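Q: So I've got this file, start-v2.cif, and it contains mmCIF, C-alpha atoms (C1' of nucleotides):
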data_start
loop_
_atom_site.group_PDB
_atom_site.id
_atom_site.type_symbol
_atom_site.label_atom_id
_atom_site.label_comp_id
_atom_site.auth_asym_id
_atom_site.auth_seq_id
_atom_site.Cartn_x
_atom_site.Cartn_y
_atom_site.Cartn_z
ATOM 1 C CA MET A 1 72.662 66.994 11.946
ATOM 2 C CA ILE A 2 70.779 68.536 9.079
ATOM 3 C CA ASN A 3 70.449 66.728 5.800
ATOM 4 C CA ILE A 4 70.813 68.974 2.766
ATOM 5 C CA GLN A 5 68.924 66.604 0.503
ATOM 6 C CA GLU A 6 66.062 66.646 2.965
ATOM 7 C CA LEU A 7 66.050 70.425 3.151
ATOM 8 C CA ASP A 8 65.955 70.641 -0.581
ATOM 9 C CA THR A 9 63.051 68.225 -0.691
ATOM 10 C CA ASP A 10 61.135 70.283 1.842
ATOM 11 C CA ARG A 11 61.838 73.450 -0.077
ATOM 12 C CA LEU A 12 60.649 71.888 -3.328
ATOM 13 C CA GLU A 13 57.570 70.639 -1.567
ATOM 14 C CA MET A 14 56.845 74.094 -0.219
ATOM 15 C CA ALA A 15 57.358 75.684 -3.617
ATOM 16 C CA ALA A 16 55.090 73.114 -5.229
ATOM 17 C CA ASN A 17 52.381 73.715 -2.646
ATOM 18 C CA MET A 18 52.598 77.434 -3.251
ATOM 19 C CA LEU A 19 52.300 76.955 -7.003
ATOM 20 C CA LYS A 20 49.546 74.402 -6.632
ATOM 21 C CA ALA A 21 47.656 76.956 -4.596
ATOM 22 C CA ILE A 22 47.974 79.497 -7.393
ATOM 23 C CA ALA A 23 47.317 77.059 -10.228
ATOM 24 C CA HIS A 24 43.570 77.513 -10.542
ATOM 25 C CA PRO A 25 41.728 79.933 -12.851
ATOM 26 C CA MET A 26 39.822 81.618 -10.044
ATOM 27 C CA ARG A 27 42.857 81.877 -7.827
ATOM 28 C CA ILE A 28 44.941 83.409 -10.600
ATOM 29 C CA ALA A 29 42.107 85.888 -11.088
ATOM 30 C CA ILE A 30 42.224 86.672 -7.376
ATOM 31 C CA LEU A 31 45.956 87.358 -7.556
ATOM 32 C CA LYS A 32 45.423 89.649 -10.530
ATOM 33 C CA HIS A 33 43.048 91.737 -8.466
ATOM 34 C CA LEU A 34 45.546 91.930 -5.614
ATOM 35 C CA GLU A 35 48.527 93.081 -7.647
ATOM 36 C CA GLY A 36 50.214 96.277 -6.550
ATOM 37 C CA GLY A 37 49.621 95.761 -2.844
ATOM 38 C CA LYS A 38 45.831 96.037 -3.036
ATOM 39 C CA LYS A 39 43.749 94.655 -0.182
ATOM 40 C CA LEU A 40 40.258 93.274 -0.779
ATOM 41 C CA THR A 41 37.588 91.683 1.391
ATOM 42 C CA VAL A 42 36.072 88.272 0.808
ATOM 43 C CA THR A 43 32.811 89.880 -0.271
ATOM 44 C CA GLU A 44 34.543 92.194 -2.730
ATOM 45 C CA ILE A 45 36.351 89.270 -4.283
ATOM 46 C CA HIS A 46 33.289 87.080 -4.389
ATOM 47 C CA GLU A 47 31.410 89.852 -6.174
ATOM 48 C CA LEU A 48 34.266 90.669 -8.542
ATOM 49 C CA LEU A 49 34.583 87.049 -9.602
ATOM 50 C CA GLY A 50 30.906 86.155 -9.493
ATOM 51 C CA ILE A 51 31.402 82.942 -7.523
ATOM 52 C CA GLU A 52 29.864 81.629 -4.281
ATOM 53 C CA GLN A 53 30.901 83.191 -0.985
ATOM 54 C CA SER A 54 31.904 79.867 0.504
ATOM 55 C CA THR A 55 33.866 78.932 -2.586
ATOM 56 C CA THR A 56 35.645 82.281 -2.450
ATOM 57 C CA SER A 57 36.494 81.807 1.209
ATOM 58 C CA HIS A 58 37.755 78.350 0.439
ATOM 59 C CA HIS A 59 40.049 79.615 -2.320
ATOM 60 C CA LEU A 60 41.364 82.405 -0.108
ATOM 61 C CA GLY A 61 41.968 79.910 2.672
ATOM 62 C CA ILE A 62 44.070 77.755 0.365
ATOM 63 C CA LEU A 63 46.111 80.737 -0.824
ATOM 64 C CA LYS A 64 46.697 81.854 2.733
ATOM 65 C CA ASP A 65 47.509 78.390 4.007
ATOM 66 C CA LYS A 66 50.160 77.895 1.349
ATOM 67 C CA GLY A 67 51.843 81.221 2.023
ATOM 68 C CA VAL A 68 50.620 83.150 -1.000
ATOM 69 C CA LEU A 69 48.317 85.567 0.790
ATOM 70 C CA CYS A 70 48.016 87.197 4.193
ATOM 71 C CA SER A 71 44.861 88.473 5.789
ATOM 72 C CA ARG A 72 43.970 91.096 8.319
ATOM 73 C CA ARG A 73 40.629 91.358 10.018
ATOM 74 C CA GLU A 74 39.151 94.829 10.375
ATOM 75 C CA GLY A 75 35.799 94.797 12.064
ATOM 76 C CA LYS A 76 33.461 92.497 10.239
ATOM 77 C CA ASN A 77 35.670 92.413 7.171
ATOM 78 C CA THR A 78 38.758 90.405 6.441
ATOM 79 C CA TYR A 79 41.163 91.943 3.979
ATOM 80 C CA TYR A 80 43.372 89.688 1.905
ATOM 81 C CA TYR A 81 46.596 90.758 0.228
ATOM 82 C CA LEU A 82 49.740 89.309 -1.356
ATOM 83 C CA LYS A 83 52.326 88.053 1.116
ATOM 84 C CA HIS A 84 55.209 88.681 -1.282
ATOM 85 C CA ASP A 85 54.919 91.463 -3.844
ATOM 86 C CA ILE A 86 57.194 89.567 -6.191
ATOM 87 C CA LEU A 87 54.492 86.974 -6.661
ATOM 88 C CA SER A 88 53.075 89.317 -9.266
ATOM 89 C CA GLN A 89 56.019 88.134 -11.366
ATOM 90 C CA ILE A 90 54.343 84.790 -11.720
ATOM 91 C CA VAL A 91 51.122 86.286 -12.992
ATOM 92 C CA ASP A 92 53.060 88.531 -15.365
ATOM 93 C CA CYS A 93 55.079 85.608 -16.634
ATOM 94 C CA LEU A 94 51.926 83.606 -17.264
ATOM 95 C CA GLN A 95 50.397 86.525 -19.078
ATOM 96 C CA ARG A 96 53.363 86.673 -21.423
ATOM 97 C CA CYS A 97 53.576 82.937 -21.929
ATOM 98 C CA THR A 98 49.906 82.538 -22.761
ATOM 99 C CA CYS A 99 49.532 85.245 -25.382
ATOM 100 C CA SER A 100 51.737 83.672 -28.033
ATOM 101 C CA GLU A 101 49.943 80.363 -28.362
ATOM 102 C CA MET B 1 31.297 87.648 -32.572
ATOM 103 C CA ILE B 2 33.980 87.103 -29.968
ATOM 104 C CA ASN B 3 33.202 87.351 -26.311
ATOM 105 C CA ILE B 4 35.895 89.076 -24.247
ATOM 106 C CA GLN B 5 34.777 87.407 -21.032
ATOM 107 C CA GLU B 6 35.120 84.069 -22.739
ATOM 108 C CA LEU B 7 38.584 84.867 -24.034
ATOM 109 C CA ASP B 8 39.669 85.904 -20.609
ATOM 110 C CA THR B 9 38.311 82.672 -19.176
ATOM 111 C CA ASP B 10 40.199 80.653 -21.758
ATOM 112 C CA ARG B 11 43.373 82.547 -21.039
ATOM 113 C CA LEU B 12 43.025 81.984 -17.304
ATOM 114 C CA GLU B 13 42.364 78.336 -17.970
ATOM 115 C CA MET B 14 45.500 78.082 -20.078
ATOM 116 C CA ALA B 15 47.582 79.888 -17.462
ATOM 117 C CA ALA B 16 46.216 77.627 -14.745
ATOM 118 C CA ASN B 17 47.033 74.525 -16.766
ATOM 119 C CA MET B 18 50.558 75.741 -17.319
ATOM 120 C CA LEU B 19 51.039 76.417 -13.623
ATOM 121 C CA LYS B 20 49.407 73.149 -12.647
ATOM 122 C CA ALA B 21 51.922 71.426 -14.889
ATOM 123 C CA ILE B 22 54.785 73.088 -13.027
ATOM 124 C CA ALA B 23 53.262 72.728 -9.568
ATOM 125 C CA HIS B 24 54.886 69.467 -8.506
ATOM 126 C CA PRO B 25 58.146 68.988 -6.608
ATOM 127 C CA MET B 26 59.712 66.786 -9.258
ATOM 128 C CA ARG B 27 58.608 69.014 -12.094
ATOM 129 C CA ILE B 28 60.003 72.109 -10.411
ATOM 130 C CA ALA B 29 63.255 70.193 -9.979
ATOM 131 C CA ILE B 30 63.185 69.383 -13.688
ATOM 132 C CA LEU B 31 62.769 73.067 -14.564
ATOM 133 C CA LYS B 32 65.665 73.965 -12.289
ATOM 134 C CA HIS B 33 67.907 71.631 -14.248
ATOM 135 C CA LEU B 34 66.784 73.138 -17.546
ATOM 136 C CA GLU B 35 67.374 76.760 -16.647
ATOM 137 C CA GLY B 36 69.648 78.723 -18.943
ATOM 138 C CA GLY B 37 68.619 76.965 -22.132
ATOM 139 C CA LYS B 38 70.012 73.566 -21.130
ATOM 140 C CA LYS B 39 68.753 70.474 -22.940
ATOM 141 C CA LEU B 40 68.625 67.113 -21.207
ATOM 142 C CA THR B 41 67.488 63.630 -22.177
ATOM 143 C CA VAL B 42 64.854 61.627 -20.337
ATOM 144 C CA THR B 43 67.521 59.281 -19.029
ATOM 145 C CA GLU B 44 69.687 62.127 -17.766
ATOM 146 C CA ILE B 45 66.739 63.622 -15.921
ATOM 147 C CA HIS B 46 65.616 60.302 -14.516
ATOM 148 C CA GLU B 47 69.122 59.737 -13.160
ATOM 149 C CA LEU B 48 69.508 63.271 -11.844
ATOM 150 C CA LEU B 49 66.253 63.056 -9.931
ATOM 151 C CA GLY B 50 66.487 59.423 -8.946
ATOM 152 C CA ILE B 51 62.985 58.539 -10.052
ATOM 153 C CA GLU B 52 61.601 55.862 -12.389
ATOM 154 C CA GLN B 53 62.049 56.245 -16.127
ATOM 155 C CA SER B 54 58.345 55.980 -16.791
ATOM 156 C CA THR B 55 57.512 58.468 -14.081
ATOM 157 C CA THR B 56 60.051 60.859 -15.552
ATOM 158 C CA SER B 57 58.565 60.454 -18.976
ATOM 159 C CA HIS B 58 55.102 61.105 -17.579
ATOM 160 C CA HIS B 59 56.224 64.321 -15.939
ATOM 161 C CA LEU B 60 57.987 65.489 -19.070
ATOM 162 C CA GLY B 61 54.904 64.673 -21.121
ATOM 163 C CA ILE B 62 52.749 66.807 -18.858
ATOM 164 C CA LEU B 63 55.175 69.726 -19.050
ATOM 165 C CA LYS B 64 55.323 69.445 -22.825
ATOM 166 C CA ASP B 65 51.584 69.056 -23.230
ATOM 167 C CA LYS B 66 50.904 72.218 -21.223
ATOM 168 C CA GLY B 67 53.369 74.322 -23.180
ATOM 169 C CA VAL B 68 56.159 74.485 -20.616
ATOM 170 C CA LEU B 69 58.727 72.350 -22.420
ATOM 171 C CA CYS B 70 59.648 71.409 -25.969
ATOM 172 C CA SER B 71 61.444 68.294 -27.093
ATOM 173 C CA ARG B 72 63.666 67.285 -29.969
ATOM 174 C CA ARG B 73 64.591 63.784 -30.879
ATOM 175 C CA GLU B 74 68.203 63.101 -31.803
ATOM 176 C CA GLY B 75 68.901 59.493 -32.600
ATOM 177 C CA LYS B 76 67.891 57.339 -29.680
ATOM 178 C CA ASN B 77 67.662 60.298 -27.340
ATOM 179 C CA THR B 78 64.963 62.877 -26.820
ATOM 180 C CA TYR B 79 66.146 66.196 -25.496
ATOM 181 C CA TYR B 80 63.803 68.356 -23.460
ATOM 182 C CA TYR B 81 64.180 72.102 -22.931
ATOM 183 C CA LEU B 82 62.241 75.158 -21.773
ATOM 184 C CA LYS B 83 59.816 76.553 -24.318
ATOM 185 C CA HIS B 84 60.017 80.077 -22.907
ATOM 186 C CA ASP B 85 63.219 81.217 -21.213
ATOM 187 C CA ILE B 86 61.234 83.577 -19.011
ATOM 188 C CA LEU B 87 59.704 80.595 -17.239
ATOM 189 C CA SER B 88 62.863 80.594 -15.144
ATOM 190 C CA GLN B 89 61.318 83.659 -13.517
ATOM 191 C CA ILE B 90 58.768 81.430 -11.861
ATOM 192 C CA VAL B 91 61.395 79.145 -10.396
ATOM 193 C CA ASP B 92 63.420 82.149 -9.229
ATOM 194 C CA CYS B 93 60.374 83.713 -7.663
ATOM 195 C CA LEU B 94 59.588 80.494 -5.822
ATOM 196 C CA GLN B 95 63.133 80.276 -4.607
ATOM 197 C CA ARG B 96 62.910 83.738 -3.131
ATOM 198 C CA CYS B 97 59.480 83.216 -1.631
ATOM 199 C CA THR B 98 60.380 79.942 0.066
ATOM 200 C CA CYS B 99 63.582 80.972 1.823
ATOM 201 C CA SER B 100 62.049 83.397 4.285
ATOM 202 C CA GLU B 101 59.597 81.018 5.889
ATOM 203 C "C1'" DT C 1 66.758 40.892 -38.745
ATOM 204 C "C1'" DT C 2 67.597 40.817 -34.322
ATOM 205 C "C1'" DA C 3 69.347 42.521 -29.838
ATOM 206 C "C1'" DA C 4 69.668 46.286 -26.934
ATOM 207 C "C1'" DC C 5 68.743 50.785 -25.661
ATOM 208 C "C1'" DA C 6 65.728 55.118 -25.150
ATOM 209 C "C1'" DG C 7 61.448 56.647 -24.543
ATOM 210 C "C1'" DA C 8 56.212 56.542 -24.496
ATOM 211 C "C1'" DT C 9 51.804 54.662 -23.196
ATOM 212 C "C1'" DG C 10 47.896 52.007 -20.867
ATOM 213 C "C1'" DC C 11 46.352 50.684 -16.718
ATOM 214 C "C1'" DA C 12 44.989 50.429 -11.797
ATOM 215 C "C1'" DA C 13 45.233 51.720 -6.907
ATOM 216 C "C1'" DA C 14 46.001 55.264 -3.806
ATOM 217 C "C1'" DT C 15 45.548 59.882 -2.992
ATOM 218 C "C1'" DA C 16 44.268 64.656 -3.619
ATOM 219 C "C1'" DT C 17 41.260 68.366 -5.239
ATOM 220 C "C1'" DA C 18 36.990 71.018 -6.541
ATOM 221 C "C1'" DT C 19 32.416 72.469 -5.757
ATOM 222 C "C1'" DA C 20 28.241 73.711 -3.533
ATOM 223 C "C1'" DA C 21 24.984 73.348 0.034
ATOM 224 C "C1'" DA C 22 24.325 73.615 4.788
ATOM 225 C "C1'" DT C 23 25.970 75.025 9.027
ATOM 226 C "C1'" DA C 24 28.972 77.400 12.324
ATOM 227 C "C1'" DT C 25 31.643 81.287 13.994
ATOM 228 C "C1'" DT C 26 32.888 86.050 14.682
ATOM 229 C "C1'" DT C 27 31.873 90.796 15.011
ATOM 230 C "C1'" DG C 28 29.306 95.207 15.451
ATOM 231 C "C1'" DA C 29 24.908 97.516 16.145
ATOM 232 C "C1'" DC C 30 21.094 97.882 18.908
ATOM 233 C "C1'" DG D 1 21.761 89.491 25.133
ATOM 234 C "C1'" DT D 2 19.854 89.335 20.164
ATOM 235 C "C1'" DC D 3 20.141 90.098 15.368
ATOM 236 C "C1'" DA D 4 22.254 90.564 11.001
ATOM 237 C "C1'" DA D 5 26.358 90.837 8.217
ATOM 238 C "C1'" DA D 6 30.845 88.874 6.955
ATOM 239 C "C1'" DT D 7 33.520 85.014 6.922
ATOM 240 C "C1'" DA D 8 34.841 80.168 7.891
ATOM 241 C "C1'" DT D 9 34.109 75.279 8.244
ATOM 242 C "C1'" DT D 10 32.022 70.876 7.397
ATOM 243 C "C1'" DT D 11 30.384 67.476 4.511
ATOM 244 C "C1'" DA D 12 29.461 64.875 0.456
ATOM 245 C "C1'" DT D 13 29.948 63.975 -4.320
ATOM 246 C "C1'" DA D 14 32.390 64.231 -8.466
ATOM 247 C "C1'" DT D 15 36.600 64.521 -10.655
ATOM 248 C "C1'" DA D 16 41.613 64.651 -11.305
ATOM 249 C "C1'" DT D 17 46.462 63.382 -10.174
ATOM 250 C "C1'" DT D 18 50.318 60.480 -8.964
ATOM 251 C "C1'" DT D 19 53.003 56.418 -9.307
ATOM 252 C "C1'" DG D 20 54.945 52.090 -10.808
ATOM 253 C "C1'" DC D 21 54.507 48.123 -13.444
ATOM 254 C "C1'" DA D 22 54.117 46.025 -17.706
ATOM 255 C "C1'" DT D 23 54.118 46.722 -22.286
ATOM 256 C "C1'" DC D 24 54.672 48.878 -26.695
ATOM 257 C "C1'" DT D 25 57.191 51.764 -30.201
ATOM 258 C "C1'" DG D 26 61.155 53.630 -32.331
ATOM 259 C "C1'" DT D 27 66.155 53.669 -33.327
ATOM 260 C "C1'" DT D 28 70.911 52.146 -33.682
ATOM 261 C "C1'" DA D 29 74.372 48.777 -34.214
ATOM 262 C "C1'" DA D 30 75.877 44.166 -34.820
#
How would this structure read if it were set down as structure tokens?
A:
Amino acid sequence: MINIQELDTDRLEMAANMLKAIAHPMRIAILKHLEGGKKLTVTEIHELLGIEQSTTSHHLGILKDKGVLCSRREGKNTYYYLKHDILSQIVDCLQRCTCSE
Amino acid sequence: MINIQELDTDRLEMAANMLKAIAHPMRIAILKHLEGGKKLTVTEIHELLGIEQSTTSHHLGILKDKGVLCSRREGKNTYYYLKHDILSQIVDCLQRCTCSE
DNA sequence: TTAACAGATGCAAATATATAAATATTTGAC
DNA sequence: GTCAAATATTTATATATTTGCATCTGTTAA
């Protein structure tokens, strides 16, 4: 028998993990670059953001692990992209909420 | 002279702080209860969620500090409510992104 | 002015996260 | 197979977060 309360807790937990994954300046910047279905490699992102390769890979790993991004390997490169297009909503919302203060 | 890069960094930082504030199971649950312009007291929230009063107050303080909630004192009670209605978008988005997995 | 209620704050222990440096793995070219 | 490029993982250190308890501050009503 399935417990609704439990399900809800799991769902909240999942949502929180997803948000926690996004809630970092560099990771928000990554999402911005991936809006509109764009796909970028680790190297492209690490150069765009000007941060270490290993740090970039780490951030991408977190985003993927928590269900924010997907990745596809093509040859030596791994392309990362948004798992759900609607996630752009979050970035947009943040953009609107942070301009008035 | 203002540095655009710097501004952008500050803005990202602010956005990340706002998201970090939301990114917690209990705090997402709080936002859910406040959708639609509802105002609730600390006690109401602490009873709704079934968590300690002081823990509730801590969470509300974080959300207020990071610009997610506002509060108004009325007599013995303090009512908390969403600062920006559009923040419901984030909760909605999470709800949609967490049902398919 | 005191009792009782509502909320906020300080603190400490447990836990989680961030970063970078070093190292490992995977893949394609030769 | 060997090498180099692209990416991932490991590790260690520093820092931040979460939670509950105890306590403190306001506020209302007796």
Q: Do me a favour and pick out the residues of chain A within 12 Å of chain C, using all atoms listed in the file, as a list of chain:residue names.
A: A:Lys20, A:Ala21, A:Ala23, A:His24, A:Pro25, A:Met26, A:Ile51, A:Glu52, A:Gln53, A:Ser54, A:Thr55, A:Thr56, A:His58, A:His59, A:Ile62, A:Arg73, A:Glu74, A:Gly75, A:Lys76, A:Asn77, A:Thr78
Q: Rounded to one decimal place, report the CA of Gly50 in chain A-C1' of DA6 in chain D distance in Å.
A: 16.7 Å
Q: Exactly which residues make up the result of the PyMOL selection byres ((chain D) within 12 of (chain A)) on this file, given as a PyMOL selection string?
A: chain D and resi 4-10+17
Q: Quick one: which residues from chain A are at most 7 Å off chain B, using all atoms listed in the file, as a PyMOL selection string?
A: chain A and resi 11-16+19-20+23-25+84+86-87+90+93-94+98
Q: Can you measure CA of Leu60 in chain B to CA of Gly37 in chain B for me? One decimal in Å is fine.
A: 15.9 Å
Q: Please extract range 5-19 of chain C and write it out with N, CA and C atoms (P, O5', C5', C4', C3', O3' and C1' of nucleotides), as a PDB file, in the first residue's frame.
A:
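Produced file part.pdb, reproduced below:
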ATOM      1  P    DC C   5      -1.241  30.220  26.963  1.00  0.00           P
ATOM      2  O5'  DC C   5      -1.047  30.804  25.499  1.00  0.00           O
ATOM      3  C5'  DC C   5      -1.885  31.873  25.057  1.00  0.00           C
ATOM      4  C4'  DC C   5      -1.123  32.692  24.068  1.00  0.00           C
ATOM      5  C3'  DC C   5      -0.452  31.865  22.966  1.00  0.00           C
ATOM      6  O3'  DC C   5      -0.981  32.296  21.728  1.00  0.00           O
ATOM      7  C1'  DC C   5       0.991  33.549  23.788  1.00  0.00           C
ATOM      8  P    DA C   6      -0.549  31.523  20.406  1.00  0.00           P
ATOM      9  O5'  DA C   6       0.521  32.522  19.789  1.00  0.00           O
ATOM     10  C5'  DA C   6       0.098  33.775  19.301  1.00  0.00           C
ATOM     11  C4'  DA C   6       1.260  34.447  18.596  1.00  0.00           C
ATOM     12  C3'  DA C   6       1.979  33.542  17.601  1.00  0.00           C
ATOM     13  O3'  DA C   6       2.140  34.242  16.387  1.00  0.00           O
ATOM     14  C1'  DA C   6       3.511  34.413  19.201  1.00  0.00           C
ATOM     15  P    DG C   7       2.816  33.529  15.157  1.00  0.00           P
ATOM     16  O5'  DG C   7       4.309  33.983  15.404  1.00  0.00           O
ATOM     17  C5'  DG C   7       4.585  35.381  15.382  1.00  0.00           C
ATOM     18  C4'  DG C   7       6.019  35.627  15.788  1.00  0.00           C
ATOM     19  C3'  DG C   7       7.061  34.962  14.888  1.00  0.00           C
ATOM     20  O3'  DG C   7       7.746  36.019  14.233  1.00  0.00           O
ATOM     21  C1'  DG C   7       7.622  34.788  17.205  1.00  0.00           C
ATOM     22  P    DA C   8       9.031  35.737  13.315  1.00  0.00           P
ATOM     23  O5'  DA C   8      10.233  35.947  14.340  1.00  0.00           O
ATOM     24  C5'  DA C   8      10.391  37.207  14.979  1.00  0.00           C
ATOM     25  C4'  DA C   8      11.714  37.251  15.725  1.00  0.00           C
ATOM     26  C3'  DA C   8      12.930  36.868  14.893  1.00  0.00           C
ATOM     27  O3'  DA C   8      13.932  37.833  15.184  1.00  0.00           O
ATOM     28  C1'  DA C   8      12.796  35.506  16.835  1.00  0.00           C
ATOM     29  P    DT C   9      15.318  37.832  14.450  1.00  0.00           P
ATOM     30  O5'  DT C   9      16.273  37.126  15.510  1.00  0.00           O
ATOM     31  C5'  DT C   9      16.311  37.643  16.834  1.00  0.00           C
ATOM     32  C4'  DT C   9      17.250  36.791  17.673  1.00  0.00           C
ATOM     33  C3'  DT C   9      18.537  36.388  16.953  1.00  0.00           C
ATOM     34  O3'  DT C   9      19.597  36.797  17.782  1.00  0.00           O
ATOM     35  C1'  DT C   9      17.525  34.520  17.983  1.00  0.00           C
ATOM     36  P    DG C  10      21.119  36.669  17.346  1.00  0.00           P
ATOM     37  O5'  DG C  10      21.667  35.549  18.322  1.00  0.00           O
ATOM     38  C5'  DG C  10      21.429  35.655  19.733  1.00  0.00           C
ATOM     39  C4'  DG C  10      22.148  34.526  20.449  1.00  0.00           C
ATOM     40  C3'  DG C  10      23.493  34.139  19.820  1.00  0.00           C
ATOM     41  O3'  DG C  10      24.381  33.809  20.893  1.00  0.00           O
ATOM     42  C1'  DG C  10      21.985  32.302  19.696  1.00  0.00           C
ATOM     43  P    DC C  11      25.854  33.286  20.601  1.00  0.00           P
ATOM     44  O5'  DC C  11      25.719  31.712  20.695  1.00  0.00           O
ATOM     45  C5'  DC C  11      25.020  31.136  21.802  1.00  0.00           C
ATOM     46  C4'  DC C  11      24.938  29.630  21.621  1.00  0.00           C
ATOM     47  C3'  DC C  11      26.180  29.009  20.971  1.00  0.00           C
ATOM     48  O3'  DC C  11      26.638  27.968  21.811  1.00  0.00           O
ATOM     49  C1'  DC C  11      24.191  28.248  19.918  1.00  0.00           C
ATOM     50  P    DA C  12      28.130  27.415  21.654  1.00  0.00           P
ATOM     51  O5'  DA C  12      27.865  25.904  21.265  1.00  0.00           O
ATOM     52  C5'  DA C  12      26.846  25.181  21.966  1.00  0.00           C
ATOM     53  C4'  DA C  12      26.578  23.880  21.244  1.00  0.00           C
ATOM     54  C3'  DA C  12      27.822  23.250  20.610  1.00  0.00           C
ATOM     55  O3'  DA C  12      27.708  21.853  20.788  1.00  0.00           O
ATOM     56  C1'  DA C  12      26.191  23.644  18.947  1.00  0.00           C
ATOM     57  P    DA C  13      28.925  20.869  20.563  1.00  0.00           P
ATOM     58  O5'  DA C  13      28.250  19.770  19.646  1.00  0.00           O
ATOM     59  C5'  DA C  13      26.964  19.256  20.013  1.00  0.00           C
ATOM     60  C4'  DA C  13      26.404  18.460  18.864  1.00  0.00           C
ATOM     61  C3'  DA C  13      27.444  17.621  18.136  1.00  0.00           C
ATOM     62  O3'  DA C  13      26.910  16.331  17.886  1.00  0.00           O
ATOM     63  C1'  DA C  13      26.420  19.151  16.623  1.00  0.00           C
ATOM     64  P    DA C  14      27.672  15.257  16.977  1.00  0.00           P
ATOM     65  O5'  DA C  14      26.848  15.362  15.619  1.00  0.00           O
ATOM     66  C5'  DA C  14      25.439  15.181  15.656  1.00  0.00           C
ATOM     67  C4'  DA C  14      24.900  15.341  14.255  1.00  0.00           C
ATOM     68  C3'  DA C  14      25.637  14.489  13.214  1.00  0.00           C
ATOM     69  O3'  DA C  14      24.668  13.834  12.414  1.00  0.00           O
ATOM     70  C1'  DA C  14      25.639  16.779  12.558  1.00  0.00           C
ATOM     71  P    DT C  15      25.106  12.835  11.245  1.00  0.00           P
ATOM     72  O5'  DT C  15      25.041  13.787   9.977  1.00  0.00           O
ATOM     73  C5'  DT C  15      23.864  14.559   9.749  1.00  0.00           C
ATOM     74  C4'  DT C  15      24.095  15.516   8.619  1.00  0.00           C
ATOM     75  C3'  DT C  15      24.722  14.888   7.360  1.00  0.00           C
ATOM     76  O3'  DT C  15      23.753  14.952   6.345  1.00  0.00           O
ATOM     77  C1'  DT C  15      25.641  17.023   7.854  1.00  0.00           C
ATOM     78  P    DA C  16      24.072  14.387   4.869  1.00  0.00           P
ATOM     79  O5'  DA C  16      24.392  15.738   4.097  1.00  0.00           O
ATOM     80  C5'  DA C  16      23.506  16.842   4.203  1.00  0.00           C
ATOM     81  C4'  DA C  16      24.092  18.013   3.444  1.00  0.00           C
ATOM     82  C3'  DA C  16      24.571  17.656   2.041  1.00  0.00           C
ATOM     83  O3'  DA C  16      23.998  18.600   1.158  1.00  0.00           O
ATOM     84  C1'  DA C  16      26.256  18.817   3.246  1.00  0.00           C
ATOM     85  P    DT C  17      24.302  18.481  -0.397  1.00  0.00           P
ATOM     86  O5'  DT C  17      25.363  19.650  -0.600  1.00  0.00           O
ATOM     87  C5'  DT C  17      25.129  20.910  -0.021  1.00  0.00           C
ATOM     88  C4'  DT C  17      26.275  21.835  -0.367  1.00  0.00           C
ATOM     89  C3'  DT C  17      26.776  21.688  -1.814  1.00  0.00           C
ATOM     90  O3'  DT C  17      26.749  22.974  -2.405  1.00  0.00           O
ATOM     91  C1'  DT C  17      28.571  21.609  -0.259  1.00  0.00           C
ATOM     92  P    DA C  18      27.402  23.216  -3.817  1.00  0.00           P
ATOM     93  O5'  DA C  18      28.863  23.731  -3.432  1.00  0.00           O
ATOM     94  C5'  DA C  18      29.006  24.954  -2.724  1.00  0.00           C
ATOM     95  C4'  DA C  18      30.430  25.461  -2.857  1.00  0.00           C
ATOM     96  C3'  DA C  18      30.981  25.477  -4.285  1.00  0.00           C
ATOM     97  O3'  DA C  18      31.756  26.650  -4.463  1.00  0.00           O
ATOM     98  C1'  DA C  18      32.295  24.062  -2.918  1.00  0.00           C
ATOM     99  P    DT C  19      32.248  27.071  -5.946  1.00  0.00           P
ATOM    100  O5'  DT C  19      33.767  26.657  -5.978  1.00  0.00           O
ATOM    101  C5'  DT C  19      34.644  27.198  -4.993  1.00  0.00           C
ATOM    102  C4'  DT C  19      35.942  26.439  -5.006  1.00  0.00           C
ATOM    103  C3'  DT C  19      36.492  26.154  -6.399  1.00  0.00           C
ATOM    104  O3'  DT C  19      37.534  27.077  -6.641  1.00  0.00           O
ATOM    105  C1'  DT C  19      36.728  24.294  -4.905  1.00  0.00           C
TER     106       DT C  19
END
